[in-house]
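Participant: Take a look at coords.csv, CSV, N, CA and C atoms:
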```csv
chain,number,residue,atom,x,y,z
R,1,MET,N,38.2,28.1,-16.9
R,1,MET,CA,37.0,28.6,-16.5
R,1,MET,C,37.2,29.8,-15.6
R,2,SER,N,36.6,30.9,-15.9
R,2,SER,CA,36.7,32.1,-15.1
R,2,SER,C,36.0,31.9,-13.7
R,3,GLU,N,36.4,32.7,-12.7
R,3,GLU,CA,35.8,32.6,-11.4
R,3,GLU,C,34.3,32.7,-11.4
R,4,SER,N,33.8,33.6,-12.3
R,4,SER,CA,32.3,33.8,-12.3
R,4,SER,C,31.6,32.6,-13.0
R,5,ASN,N,32.3,31.8,-13.7
R,5,ASN,CA,31.7,30.6,-14.3
R,5,ASN,C,31.9,29.3,-13.6
R,6,THR,N,32.6,29.3,-12.4
R,6,THR,CA,32.8,28.1,-11.7
R,6,THR,C,31.5,27.6,-11.0
R,7,PRO,N,31.3,26.3,-11.0
R,7,PRO,CA,30.1,25.8,-10.4
R,7,PRO,C,29.9,26.2,-8.9
R,8,ARG,N,28.7,26.2,-8.5
R,8,ARG,CA,28.5,26.5,-7.1
R,8,ARG,C,29.1,25.4,-6.2
R,9,PRO,N,29.5,25.7,-4.9
R,9,PRO,CA,30.1,24.7,-4.1
R,9,PRO,C,29.4,23.4,-4.0
R,10,ALA,N,28.0,23.4,-3.9
R,10,ALA,CA,27.3,22.2,-3.8
R,10,ALA,C,27.4,21.3,-5.1
R,11,VAL,N,27.4,22.0,-6.2
R,11,VAL,CA,27.6,21.3,-7.5
R,11,VAL,C,29.0,20.7,-7.6
R,12,ARG,N,30.0,21.5,-7.2
R,12,ARG,CA,31.3,21.1,-7.2
R,12,ARG,C,31.5,19.8,-6.4
R,13,GLN,N,30.9,19.8,-5.2
R,13,GLN,CA,30.9,18.7,-4.3
R,13,GLN,C,30.3,17.5,-4.9
R,14,ILE,N,29.2,17.6,-5.6
R,14,ILE,CA,28.6,16.5,-6.2
R,14,ILE,C,29.5,15.9,-7.3
R,15,LEU,N,30.0,16.8,-8.2
R,15,LEU,CA,30.8,16.3,-9.3
R,15,LEU,C,32.2,15.8,-8.8
R,16,GLY,N,32.6,16.2,-7.7
R,16,GLY,CA,33.9,15.8,-7.1
R,16,GLY,C,33.8,14.3,-6.6
R,17,ARG,N,32.6,13.8,-6.3
R,17,ARG,CA,32.5,12.5,-5.8
R,17,ARG,C,32.4,11.4,-6.9
R,18,LEU,N,32.2,11.8,-8.1
R,18,LEU,CA,32.0,10.9,-9.2
R,18,LEU,C,33.3,10.5,-9.9
R,19,THR,N,33.3,9.3,-10.4
R,19,THR,CA,34.5,8.8,-11.1
R,19,THR,C,34.1,8.3,-12.4
R,20,GLY,N,35.0,8.1,-13.3
R,20,GLY,CA,34.7,7.5,-14.6
R,20,GLY,C,34.0,6.2,-14.5
R,21,GLU,N,34.4,5.4,-13.6
R,21,GLU,CA,33.7,4.1,-13.4
R,21,GLU,C,32.3,4.2,-13.0
R,22,SER,N,32.0,5.2,-12.1
R,22,SER,CA,30.6,5.4,-11.6
R,22,SER,C,29.7,5.9,-12.7
R,23,ILE,N,30.3,6.8,-13.6
R,23,ILE,CA,29.5,7.3,-14.7
R,23,ILE,C,29.3,6.2,-15.7
R,24,ALA,N,30.3,5.4,-16.0
R,24,ALA,CA,30.1,4.2,-16.9
R,24,ALA,C,29.0,3.3,-16.3
R,25,ALA,N,29.0,3.0,-15.0
R,25,ALA,CA,28.0,2.2,-14.4
R,25,ALA,C,26.6,2.8,-14.5
R,26,LEU,N,26.5,4.1,-14.3
R,26,LEU,CA,25.3,4.8,-14.4
R,26,LEU,C,24.7,4.6,-15.9
R,27,ARG,N,25.6,4.9,-16.8
R,27,ARG,CA,25.2,4.8,-18.2
R,27,ARG,C,24.8,3.4,-18.6
R,28,SER,N,25.5,2.4,-18.3
R,28,SER,CA,25.2,1.0,-18.7
R,28,SER,C,24.0,0.4,-17.9
R,29,SER,N,23.7,1.0,-16.7
R,29,SER,CA,22.7,0.4,-15.9
R,29,SER,C,21.3,0.6,-16.5
R,30,GLY,N,21.1,1.6,-17.3
R,30,GLY,CA,19.8,2.0,-17.8
R,30,GLY,C,19.1,3.0,-16.9
R,31,ALA,N,19.7,3.4,-15.8
R,31,ALA,CA,19.1,4.3,-14.9
R,31,ALA,C,18.8,5.7,-15.5
R,32,CYS,N,19.5,6.0,-16.6
R,32,CYS,CA,19.3,7.3,-17.3
R,32,CYS,C,18.3,7.1,-18.5
R,33,ARG,N,17.8,5.9,-18.6
R,33,ARG,CA,16.8,5.7,-19.7
R,33,ARG,C,15.4,5.4,-19.2
R,34,ILE,N,15.1,5.7,-18.0
R,34,ILE,CA,13.8,5.4,-17.4
R,34,ILE,C,12.7,6.2,-18.1
R,35,LEU,N,12.9,7.5,-18.4
R,35,LEU,CA,11.9,8.3,-19.0
R,35,LEU,C,12.1,8.4,-20.6
R,36,GLN,N,13.2,7.7,-21.0
R,36,GLN,CA,13.4,7.7,-22.5
R,36,GLN,C,12.4,6.9,-23.2
R,37,PRO,N,11.9,7.3,-24.3
R,37,PRO,CA,10.9,6.6,-25.1
R,37,PRO,C,11.4,5.2,-25.5
R,38,SER,N,10.5,4.2,-25.4
R,38,SER,CA,10.8,2.8,-25.7
R,38,SER,C,11.2,2.7,-27.2
R,39,GLN,N,10.7,3.5,-28.1
R,39,GLN,CA,11.1,3.4,-29.5
R,39,GLN,C,12.5,3.8,-29.7
R,40,HIS,N,13.1,4.4,-28.7
R,40,HIS,CA,14.5,4.8,-28.8
R,40,HIS,C,15.4,4.1,-27.8
R,41,GLY,N,14.9,2.9,-27.4
R,41,GLY,CA,15.7,2.1,-26.5
R,41,GLY,C,15.6,2.3,-25.0
R,42,GLY,N,14.6,3.2,-24.7
R,42,GLY,CA,14.4,3.5,-23.3
R,42,GLY,C,13.4,2.6,-22.6
R,43,LEU,N,13.2,2.8,-21.3
R,43,LEU,CA,12.2,2.0,-20.6
R,43,LEU,C,10.8,2.6,-20.6
R,44,ALA,N,10.7,3.9,-20.8
R,44,ALA,CA,9.4,4.6,-20.9
R,44,ALA,C,8.5,4.3,-19.7
R,45,LEU,N,9.1,4.3,-18.5
R,45,LEU,CA,8.4,4.0,-17.3
R,45,LEU,C,7.5,5.2,-16.8
R,46,PRO,N,6.5,4.9,-16.1
R,46,PRO,CA,5.7,6.0,-15.5
R,46,PRO,C,6.5,6.9,-14.6
R,47,VAL,N,6.1,8.1,-14.4
R,47,VAL,CA,6.8,9.0,-13.5
R,47,VAL,C,7.0,8.5,-12.1
R,48,ASP,N,5.9,7.9,-11.5
R,48,ASP,CA,6.1,7.4,-10.2
R,48,ASP,C,7.1,6.3,-10.0
R,49,GLU,N,7.3,5.5,-11.0
R,49,GLU,CA,8.4,4.5,-11.0
R,49,GLU,C,9.8,5.2,-11.2
R,50,PHE,N,9.8,6.2,-12.0
R,50,PHE,CA,11.0,7.0,-12.1
R,50,PHE,C,11.5,7.6,-10.8
R,51,VAL,N,10.5,8.2,-10.1
R,51,VAL,CA,10.8,8.8,-8.8
R,51,VAL,C,11.3,7.8,-7.8
R,52,TRP,N,10.6,6.6,-7.8
R,52,TRP,CA,11.0,5.5,-6.9
R,52,TRP,C,12.5,5.1,-7.2
R,53,ALA,N,12.7,4.9,-8.5
R,53,ALA,CA,14.1,4.4,-8.9
R,53,ALA,C,15.2,5.4,-8.5
R,54,VAL,N,14.9,6.6,-8.8
R,54,VAL,CA,15.9,7.7,-8.5
R,54,VAL,C,16.1,7.7,-6.9
R,55,CYS,N,15.1,7.6,-6.2
R,55,CYS,CA,15.2,7.6,-4.7
R,55,CYS,C,16.0,6.4,-4.2
R,56,GLU,N,15.8,5.3,-4.8
R,56,GLU,CA,16.6,4.1,-4.5
R,56,GLU,C,18.0,4.2,-4.8
R,57,LEU,N,18.3,4.8,-6.0
R,57,LEU,CA,19.7,5.0,-6.4
R,57,LEU,C,20.3,6.0,-5.5
R,58,ALA,N,19.6,7.0,-5.1
R,58,ALA,CA,20.2,8.1,-4.3
R,58,ALA,C,20.5,7.6,-2.9
R,59,THR,N,19.8,6.6,-2.4
R,59,THR,CA,20.1,6.1,-1.1
R,59,THR,C,21.5,5.4,-1.1
R,60,VAL,N,21.9,4.8,-2.3
R,60,VAL,CA,23.2,4.2,-2.4
R,60,VAL,C,24.2,5.2,-2.7
R,61,ASN,N,23.9,6.2,-3.6
R,61,ASN,CA,24.9,7.2,-4.0
R,61,ASN,C,24.1,8.4,-4.4
R,62,GLY,N,24.1,9.4,-3.5
R,62,GLY,CA,23.3,10.6,-3.8
R,62,GLY,C,23.6,11.4,-5.1
R,63,SER,N,24.9,11.4,-5.4
R,63,SER,CA,25.4,12.1,-6.6
R,63,SER,C,24.9,11.4,-7.8
R,64,LEU,N,25.0,10.1,-7.9
R,64,LEU,CA,24.5,9.3,-9.0
R,64,LEU,C,23.0,9.4,-9.2
R,65,GLY,N,22.3,9.5,-8.0
R,65,GLY,CA,20.8,9.6,-8.1
R,65,GLY,C,20.4,11.0,-8.7
R,66,TRP,N,21.2,12.0,-8.3
R,66,TRP,CA,20.9,13.4,-8.8
R,66,TRP,C,21.2,13.4,-10.3
R,67,LEU,N,22.3,12.8,-10.8
R,67,LEU,CA,22.6,12.8,-12.2
R,67,LEU,C,21.6,12.0,-13.0
R,68,ALA,N,21.2,10.8,-12.4
R,68,ALA,CA,20.1,10.0,-13.1
R,68,ALA,C,18.9,10.8,-13.3
R,69,ALA,N,18.5,11.6,-12.2
R,69,ALA,CA,17.3,12.4,-12.3
R,69,ALA,C,17.4,13.5,-13.4
R,70,MET,N,18.6,14.1,-13.4
R,70,MET,CA,18.8,15.2,-14.4
R,70,MET,C,18.9,14.7,-15.8
R,71,HIS,N,19.5,13.5,-16.1
R,71,HIS,CA,19.6,13.0,-17.4
R,71,HIS,C,18.2,12.5,-17.9
R,72,ASN,N,17.4,11.9,-16.9
R,72,ASN,CA,16.1,11.5,-17.3
R,72,ASN,C,15.2,12.7,-17.6
R,73,ALA,N,15.3,13.8,-16.8
R,73,ALA,CA,14.6,15.0,-17.1
R,73,ALA,C,14.9,15.5,-18.5
R,74,ALA,N,16.2,15.4,-18.9
R,74,ALA,CA,16.6,15.9,-20.2
R,74,ALA,C,16.0,15.0,-21.3
R,75,ALA,N,16.0,13.7,-21.0
R,75,ALA,CA,15.5,12.7,-22.0
R,75,ALA,C,14.0,12.9,-22.2
R,76,TYR,N,13.3,13.2,-21.1
R,76,TYR,CA,11.9,13.5,-21.1
R,76,TYR,C,11.6,14.8,-22.0
R,77,GLU,N,12.4,15.8,-21.8
R,77,GLU,CA,12.3,17.0,-22.6
R,77,GLU,C,12.5,16.7,-24.1
R,78,VAL,N,13.5,15.9,-24.4
R,78,VAL,CA,13.8,15.6,-25.8
R,78,VAL,C,12.6,14.8,-26.4
R,79,SER,N,12.0,13.9,-25.6
R,79,SER,CA,10.9,13.1,-26.1
R,79,SER,C,9.7,13.9,-26.5
R,80,HIS,N,9.7,15.1,-26.0
R,80,HIS,CA,8.5,16.0,-26.4
R,80,HIS,C,8.9,17.0,-27.5
R,81,LEU,N,10.1,16.8,-28.1
R,81,LEU,CA,10.4,17.6,-29.3
R,81,LEU,C,9.9,16.8,-30.5
R,82,THR,N,10.4,17.2,-31.7
R,82,THR,CA,10.0,16.5,-32.9
R,82,THR,C,10.5,15.0,-32.9
R,83,PRO,N,9.8,14.1,-33.6
R,83,PRO,CA,10.3,12.7,-33.7
R,83,PRO,C,11.7,12.7,-34.3
R,84,HIS,N,12.1,13.6,-35.2
R,84,HIS,CA,13.4,13.7,-35.7
R,84,HIS,C,14.5,13.9,-34.6
R,85,ALA,N,14.1,14.7,-33.6
R,85,ALA,CA,15.1,15.0,-32.5
R,85,ALA,C,15.4,13.7,-31.8
R,86,GLY,N,14.4,12.9,-31.5
R,86,GLY,CA,14.7,11.6,-30.8
R,86,GLY,C,15.5,10.7,-31.6
R,87,ARG,N,15.2,10.6,-32.9
R,87,ARG,CA,16.0,9.7,-33.7
R,87,ARG,C,17.5,10.2,-33.8
R,88,GLN,N,17.6,11.5,-33.9
R,88,GLN,CA,19.0,12.1,-34.0
R,88,GLN,C,19.8,11.8,-32.8
R,89,VAL,N,19.2,11.9,-31.6
R,89,VAL,CA,19.9,11.7,-30.3
R,89,VAL,C,20.2,10.2,-30.1
R,90,TRP,N,19.1,9.3,-30.3
R,90,TRP,CA,19.3,8.0,-29.8
R,90,TRP,C,19.4,6.9,-30.8
R,91,ASP,N,19.2,7.1,-32.1
R,91,ASP,CA,19.3,6.0,-33.0
R,91,ASP,C,20.7,5.4,-33.1
R,92,ALA,N,21.8,6.2,-33.0
R,92,ALA,CA,23.1,5.7,-33.1
R,92,ALA,C,23.6,5.1,-31.7
R,93,ASP,N,23.0,5.6,-30.6
R,93,ASP,CA,23.4,5.2,-29.3
R,93,ASP,C,22.2,5.3,-28.3
R,94,PRO,N,21.5,4.3,-28.0
R,94,PRO,CA,20.4,4.4,-27.1
R,94,PRO,C,20.8,4.7,-25.7
R,95,ASP,N,22.1,4.6,-25.4
R,95,ASP,CA,22.6,4.9,-24.0
R,95,ASP,C,23.1,6.4,-24.0
R,96,ALA,N,22.9,7.1,-25.0
R,96,ALA,CA,23.4,8.5,-25.1
R,96,ALA,C,22.8,9.3,-23.9
R,97,LEU,N,23.7,10.1,-23.2
R,97,LEU,CA,23.2,10.9,-22.1
R,97,LEU,C,23.0,12.3,-22.6
R,98,ILE,N,22.0,13.0,-22.1
R,98,ILE,CA,21.6,14.3,-22.5
R,98,ILE,C,21.6,15.2,-21.2
R,99,ALA,N,22.1,16.4,-21.4
R,99,ALA,CA,22.0,17.5,-20.4
R,99,ALA,C,21.3,18.7,-21.0
R,100,VAL,N,20.5,19.3,-20.2
R,100,VAL,CA,19.8,20.5,-20.6
R,100,VAL,C,20.2,21.7,-19.8
R,101,ALA,N,20.2,22.9,-20.5
R,101,ALA,CA,20.6,24.1,-19.8
R,101,ALA,C,19.4,25.0,-19.6
R,102,HIS,N,19.1,25.4,-18.4
R,102,HIS,CA,18.0,26.3,-18.1
R,102,HIS,C,18.6,27.6,-17.6
R,103,GLN,N,17.8,28.6,-17.7
R,103,GLN,CA,18.2,29.9,-17.2
R,103,GLN,C,19.5,30.4,-17.6
R,104,GLY,N,19.8,30.2,-18.9
R,104,GLY,CA,21.1,30.6,-19.4
R,104,GLY,C,20.8,31.7,-20.5
R,105,SER,N,21.9,32.1,-21.0
R,105,SER,CA,21.9,33.1,-22.0
R,105,SER,C,22.8,32.7,-23.2
R,106,GLY,N,22.2,32.3,-24.3
R,106,GLY,CA,23.0,31.7,-25.3
R,106,GLY,C,22.6,32.2,-26.7
R,107,HIS,N,23.5,32.0,-27.7
R,107,HIS,CA,23.3,32.4,-29.0
R,107,HIS,C,23.9,31.3,-29.9
R,108,LEU,N,23.1,30.8,-30.9
R,108,LEU,CA,23.5,29.8,-31.8
R,108,LEU,C,23.7,30.5,-33.2
R,109,THR,N,24.9,30.3,-33.7
R,109,THR,CA,25.3,30.8,-35.0
R,109,THR,C,26.0,29.8,-35.8
R,110,ILE,N,25.4,29.3,-36.8
R,110,ILE,CA,26.0,28.3,-37.8
R,110,ILE,C,26.7,27.2,-37.0
R,111,GLY,N,25.9,26.5,-36.1
R,111,GLY,CA,26.4,25.4,-35.4
R,111,GLY,C,27.3,25.6,-34.2
R,112,ARG,N,27.5,26.9,-33.8
R,112,ARG,CA,28.3,27.2,-32.7
R,112,ARG,C,27.4,27.9,-31.6
R,113,LEU,N,27.4,27.3,-30.4
R,113,LEU,CA,26.7,27.8,-29.3
R,113,LEU,C,27.6,28.6,-28.4
R,114,THR,N,27.3,29.8,-28.1
R,114,THR,CA,28.1,30.6,-27.1
R,114,THR,C,27.1,31.2,-26.1
R,115,GLY,N,27.6,31.5,-25.0
R,115,GLY,CA,26.8,32.2,-24.0
R,115,GLY,C,27.3,31.9,-22.6
R,116,ARG,N,26.4,32.1,-21.6
R,116,ARG,CA,26.7,31.9,-20.2
R,116,ARG,C,25.6,31.1,-19.5
R,117,TRP,N,26.0,30.0,-18.8
R,117,TRP,CA,25.1,29.3,-18.0
R,117,TRP,C,25.8,29.0,-16.6
R,118,GLY,N,25.0,29.3,-15.5
R,118,GLY,CA,25.6,29.1,-14.2
R,118,GLY,C,26.0,27.7,-13.9
R,119,SER,N,25.2,26.7,-14.4
R,119,SER,CA,25.5,25.3,-14.1
R,119,SER,C,24.6,24.5,-15.1
R,120,VAL,N,25.2,23.5,-15.6
R,120,VAL,CA,24.4,22.5,-16.5
R,120,VAL,C,24.8,21.2,-15.9
R,121,VAL,N,24.0,20.6,-15.0
R,121,VAL,CA,24.3,19.4,-14.3
R,121,VAL,C,24.3,18.3,-15.4
R,122,GLY,N,25.4,17.5,-15.4
R,122,GLY,CA,25.6,16.4,-16.2
R,122,GLY,C,26.3,16.7,-17.5
R,123,SER,N,26.7,18.0,-17.7
R,123,SER,CA,27.2,18.4,-19.0
R,123,SER,C,28.6,17.7,-19.3
R,124,GLU,N,29.3,17.4,-18.2
R,124,GLU,CA,30.7,16.9,-18.4
R,124,GLU,C,30.7,15.5,-19.0
R,125,GLU,N,29.7,14.7,-18.7
R,125,GLU,CA,29.7,13.3,-19.2
R,125,GLU,C,28.6,13.1,-20.3
R,126,CYS,N,27.9,14.1,-20.6
R,126,CYS,CA,26.8,13.9,-21.6
R,126,CYS,C,27.3,13.8,-23.1
R,127,ASP,N,26.5,13.2,-23.9
R,127,ASP,CA,26.7,13.1,-25.3
R,127,ASP,C,26.0,14.2,-26.1
R,128,TRP,N,25.0,14.7,-25.5
R,128,TRP,CA,24.2,15.8,-26.2
R,128,TRP,C,23.9,16.9,-25.2
R,129,LEU,N,24.0,18.1,-25.6
R,129,LEU,CA,23.7,19.2,-24.7
R,129,LEU,C,22.7,20.1,-25.4
```
Would you mind writing the structure in this file as structure tokens?
Facilitator:
Amino acid sequence: MSESNTPRPAVRQILGRLTGESIAALRSSGACRILQPSQHGGLALPVDEFVWAVCELATVNGSLGWLAAMHNAAAYEVSHLTPHAGRQVWDADPDALIAVAHQGSGHLTIGRLTGRWGSVVGSEECDWL
């Protein structure tokens, strides 16, 4: 990764605190399926319950709370795409984690995505980007 593509120090600090075990626990706990539609194995909870759950998780581990929030936000975005998109992401694995890229510059050519994004929180452990 070139110097201009390295994560900001705060993001690096968050990612540095996470371990494979903590990511596996986050994935298996259902904390990233709070806003995921129930027809795709999610909890489909109301937004106020999502906020409460993320705050509770963040009191135990701020990094995991942040990741849970970001993966849920991505799941929420996918849930508002076509029904086919939800099936494609979650039918094979209801625990699949998603990350979304905002404020980037990309180009998709025949299944290959290239471009620049300053940071995509959760991209290292996600199944779908």
Participant: Would you mind reading off the distance between atom CA of R:Pro94 and atom CA of R:His40, one decimal, in Å?
Facilitator: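 Computed distance, atom CA of R:Pro94 to atom CA of R:His40, equals 6.2 Å.
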Participant: Among the residues of chain R, find those DSSP assigns to strand (DSSP E) from the backbone and print them as a PyMOL selection string.
Facilitator: chain R and resi 105-109+112-116
Participant: What does the distance between atom N of R:His107 and atom C of R:Leu129 come to in Å, to one decimal place?
Facilitator: 12.1 Å
Participant: Figure out the distance between atom CA of R:Ala24 and atom CA of R:Ser38, please, to one decimal in Å.
Facilitator: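 That distance, rounded to one decimal, is 21.3 Å.
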Participant: Can you list, as JSON, numbers by chain, all residues belonging to chain R that DSSP tags as helix (DSSP H, G or I)?
Facilitator: {"R": [3, 4, 5, 9, 10, 11, 12, 13, 14, 15, 16, 20, 21, 22, 23, 24, 25, 26, 27, 28, 29, 38, 39, 40, 47, 48, 49, 50, 51, 52, 53, 54, 55, 56, 57, 58, 59, 60, 62, 63, 64, 65, 66, 67, 68, 69, 70, 71, 72, 73, 74, 75, 76, 77, 78, 79, 83, 84, 85, 86, 87, 88, 89, 90]}
Participant: Build an axis-aligned box that encloses every atom of stretch 48-54 of chain R listed in the file, pad it by 4 Å on each side, and report its centre and edge lengths in Å to one decimal, as JSON.
Facilitator:
```
{"center_x": 11.0, "center_y": 6.6, "center_z": -9.5, "size_x": 18.2, "size_y": 12.4, "size_z": 13.2}
```
Participant: As a ChimeraX atom specification, please: the residues near R:Pro46 (cut-off 12 Å, only C-alpha atoms, same-chain neighbours under 6 positions excluded).
Facilitator: /R:33-38,52-53,72,76
Participant: Generate a file of the selected residues that holds N, CA and C atoms, formatted as a PDB file, in the coordinates of the input.
Facilitator:
```pdb
ATOM      1  N   ARG R  33      17.800   5.900 -18.600  1.00  0.00           N
ATOM      2  CA  ARG R  33      16.800   5.700 -19.700  1.00  0.00           C
ATOM      3  C   ARG R  33      15.400   5.400 -19.200  1.00  0.00           C
ATOM      4  N   ILE R  34      15.100   5.700 -18.000  1.00  0.00           N
ATOM      5  CA  ILE R  34      13.800   5.400 -17.400  1.00  0.00           C
ATOM      6  C   ILE R  34      12.700   6.200 -18.100  1.00  0.00           C
ATOM      7  N   LEU R  35      12.900   7.500 -18.400  1.00  0.00           N
ATOM      8  CA  LEU R  35      11.900   8.300 -19.000  1.00  0.00           C
ATOM      9  C   LEU R  35      12.100   8.400 -20.600  1.00  0.00           C
ATOM     10  N   GLN R  36      13.200   7.700 -21.000  1.00  0.00           N
ATOM     11  CA  GLN R  36      13.400   7.700 -22.500  1.00  0.00           C
ATOM     12  C   GLN R  36      12.400   6.900 -23.200  1.00  0.00           C
ATOM     13  N   PRO R  37      11.900   7.300 -24.300  1.00  0.00           N
ATOM     14  CA  PRO R  37      10.900   6.600 -25.100  1.00  0.00           C
ATOM     15  C   PRO R  37      11.400   5.200 -25.500  1.00  0.00           C
ATOM     16  N   SER R  38      10.500   4.200 -25.400  1.00  0.00           N
ATOM     17  CA  SER R  38      10.800   2.800 -25.700  1.00  0.00           C
ATOM     18  C   SER R  38      11.200   2.700 -27.200  1.00  0.00           C
ATOM     19  N   TRP R  52      10.600   6.600  -7.800  1.00  0.00           N
ATOM     20  CA  TRP R  52      11.000   5.500  -6.900  1.00  0.00           C
ATOM     21  C   TRP R  52      12.500   5.100  -7.200  1.00  0.00           C
ATOM     22  N   ALA R  53      12.700   4.900  -8.500  1.00  0.00           N
ATOM     23  CA  ALA R  53      14.100   4.400  -8.900  1.00  0.00           C
ATOM     24  C   ALA R  53      15.200   5.400  -8.500  1.00  0.00           C
ATOM     25  N   ASN R  72      17.400  11.900 -16.900  1.00  0.00           N
ATOM     26  CA  ASN R  72      16.100  11.500 -17.300  1.00  0.00           C
ATOM     27  C   ASN R  72      15.200  12.700 -17.600  1.00  0.00           C
ATOM     28  N   TYR R  76      13.300  13.200 -21.100  1.00  0.00           N
ATOM     29  CA  TYR R  76      11.900  13.500 -21.100  1.00  0.00           C
ATOM     30  C   TYR R  76      11.600  14.800 -22.000  1.00  0.00           C
TER      31      TYR R  76
END
```
Participant: Excluding R:Arg27 and any residue of its chain fewer than 6 positions from it, enumerate the residues within 8 Å of it, using all atoms listed in the file, and give them as a ChimeraX atom specification.
Facilitator: /R:21,33,95-97
Participant: Since we have the selection now, will you write its residues out, keeping N, CA and C atoms, as a tab-separated table (two decimals), in the frame of the given file?
Facilitator:
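In the end it all went to result_0.tsv:
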```
chain	number	residue	atom	x	y	z
R	21	GLU	N	34.40	5.40	-13.60
R	21	GLU	CA	33.70	4.10	-13.40
R	21	GLU	C	32.30	4.20	-13.00
R	33	ARG	N	17.80	5.90	-18.60
R	33	ARG	CA	16.80	5.70	-19.70
R	33	ARG	C	15.40	5.40	-19.20
R	95	ASP	N	22.10	4.60	-25.40
R	95	ASP	CA	22.60	4.90	-24.00
R	95	ASP	C	23.10	6.40	-24.00
R	96	ALA	N	22.90	7.10	-25.00
R	96	ALA	CA	23.40	8.50	-25.10
R	96	ALA	C	22.80	9.30	-23.90
R	97	LEU	N	23.70	10.10	-23.20
R	97	LEU	CA	23.20	10.90	-22.10
R	97	LEU	C	23.00	12.30	-22.60
```
Participant: With distances taken over all atoms listed in the file, which residue among R:Asp127, R:Ala75, R:Gly118, R:Val47 lies nearest R:Ser105?
Facilitator: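 Of R:Asp127, R:Ala75, R:Gly118, R:Val47, the one nearest R:Ser105 is R:Gly118, counting all atoms listed in the file.
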Participant: Of the residues R:Ser79, R:Ala69, R:Ala74, R:Ser123, which is the one nearest to R:Val51, using only C-alpha atoms?
Facilitator: R:Ala69
Participant: Using the incomplete input, complete stretch 51-63 of chain R to the level of N, CA, C and O atoms; output as a PDB file, keeping the file's coordinate frame.
Facilitator:
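Dumped to result12.pdb:
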```pdb
ATOM      1  N   VAL R  51      10.500   8.200 -10.100  1.00  0.00           N
ATOM      2  CA  VAL R  51      10.800   8.800  -8.800  1.00  0.00           C
ATOM      3  C   VAL R  51      11.300   7.800  -7.800  1.00  0.00           C
ATOM      4  O   VAL R  51      12.291   7.946  -7.102  1.00  0.00           O
ATOM      5  N   TRP R  52      10.600   6.600  -7.800  1.00  0.00           N
ATOM      6  CA  TRP R  52      11.000   5.500  -6.900  1.00  0.00           C
ATOM      7  C   TRP R  52      12.500   5.100  -7.200  1.00  0.00           C
ATOM      8  O   TRP R  52      13.283   4.908  -6.300  1.00  0.00           O
ATOM      9  N   ALA R  53      12.700   4.900  -8.500  1.00  0.00           N
ATOM     10  CA  ALA R  53      14.100   4.400  -8.900  1.00  0.00           C
ATOM     11  C   ALA R  53      15.200   5.400  -8.500  1.00  0.00           C
ATOM     12  O   ALA R  53      16.231   4.967  -8.051  1.00  0.00           O
ATOM     13  N   VAL R  54      14.900   6.600  -8.800  1.00  0.00           N
ATOM     14  CA  VAL R  54      15.900   7.700  -8.500  1.00  0.00           C
ATOM     15  C   VAL R  54      16.100   7.700  -6.900  1.00  0.00           C
ATOM     16  O   VAL R  54      17.286   7.837  -6.479  1.00  0.00           O
ATOM     17  N   CYS R  55      15.100   7.600  -6.200  1.00  0.00           N
ATOM     18  CA  CYS R  55      15.200   7.600  -4.700  1.00  0.00           C
ATOM     19  C   CYS R  55      16.000   6.400  -4.200  1.00  0.00           C
ATOM     20  O   CYS R  55      16.899   6.550  -3.357  1.00  0.00           O
ATOM     21  N   GLU R  56      15.800   5.300  -4.800  1.00  0.00           N
ATOM     22  CA  GLU R  56      16.600   4.100  -4.500  1.00  0.00           C
ATOM     23  C   GLU R  56      18.000   4.200  -4.800  1.00  0.00           C
ATOM     24  O   GLU R  56      18.911   3.901  -4.028  1.00  0.00           O
ATOM     25  N   LEU R  57      18.300   4.800  -6.000  1.00  0.00           N
ATOM     26  CA  LEU R  57      19.700   5.000  -6.400  1.00  0.00           C
ATOM     27  C   LEU R  57      20.300   6.000  -5.500  1.00  0.00           C
ATOM     28  O   LEU R  57      21.493   5.842  -5.077  1.00  0.00           O
ATOM     29  N   ALA R  58      19.600   7.000  -5.100  1.00  0.00           N
ATOM     30  CA  ALA R  58      20.200   8.100  -4.300  1.00  0.00           C
ATOM     31  C   ALA R  58      20.500   7.600  -2.900  1.00  0.00           C
ATOM     32  O   ALA R  58      21.374   8.143  -2.223  1.00  0.00           O
ATOM     33  N   THR R  59      19.800   6.600  -2.400  1.00  0.00           N
ATOM     34  CA  THR R  59      20.100   6.100  -1.100  1.00  0.00           C
ATOM     35  C   THR R  59      21.500   5.400  -1.100  1.00  0.00           C
ATOM     36  O   THR R  59      22.154   5.307  -0.107  1.00  0.00           O
ATOM     37  N   VAL R  60      21.900   4.800  -2.300  1.00  0.00           N
ATOM     38  CA  VAL R  60      23.200   4.200  -2.400  1.00  0.00           C
ATOM     39  C   VAL R  60      24.200   5.200  -2.700  1.00  0.00           C
ATOM     40  O   VAL R  60      25.328   5.216  -2.133  1.00  0.00           O
ATOM     41  N   ASN R  61      23.900   6.200  -3.600  1.00  0.00           N
ATOM     42  CA  ASN R  61      24.900   7.200  -4.000  1.00  0.00           C
ATOM     43  C   ASN R  61      24.100   8.400  -4.400  1.00  0.00           C
ATOM     44  O   ASN R  61      23.500   8.470  -5.507  1.00  0.00           O
ATOM     45  N   GLY R  62      24.100   9.400  -3.500  1.00  0.00           N
ATOM     46  CA  GLY R  62      23.300  10.600  -3.800  1.00  0.00           C
ATOM     47  C   GLY R  62      23.600  11.400  -5.100  1.00  0.00           C
ATOM     48  O   GLY R  62      22.796  11.865  -5.809  1.00  0.00           O
ATOM     49  N   SER R  63      24.900  11.400  -5.400  1.00  0.00           N
ATOM     50  CA  SER R  63      25.400  12.100  -6.600  1.00  0.00           C
ATOM     51  C   SER R  63      24.900  11.400  -7.800  1.00  0.00           C
ATOM     52  O   SER R  63      24.441  12.054  -8.784  1.00  0.00           O
TER      53      SER R  63
END
```
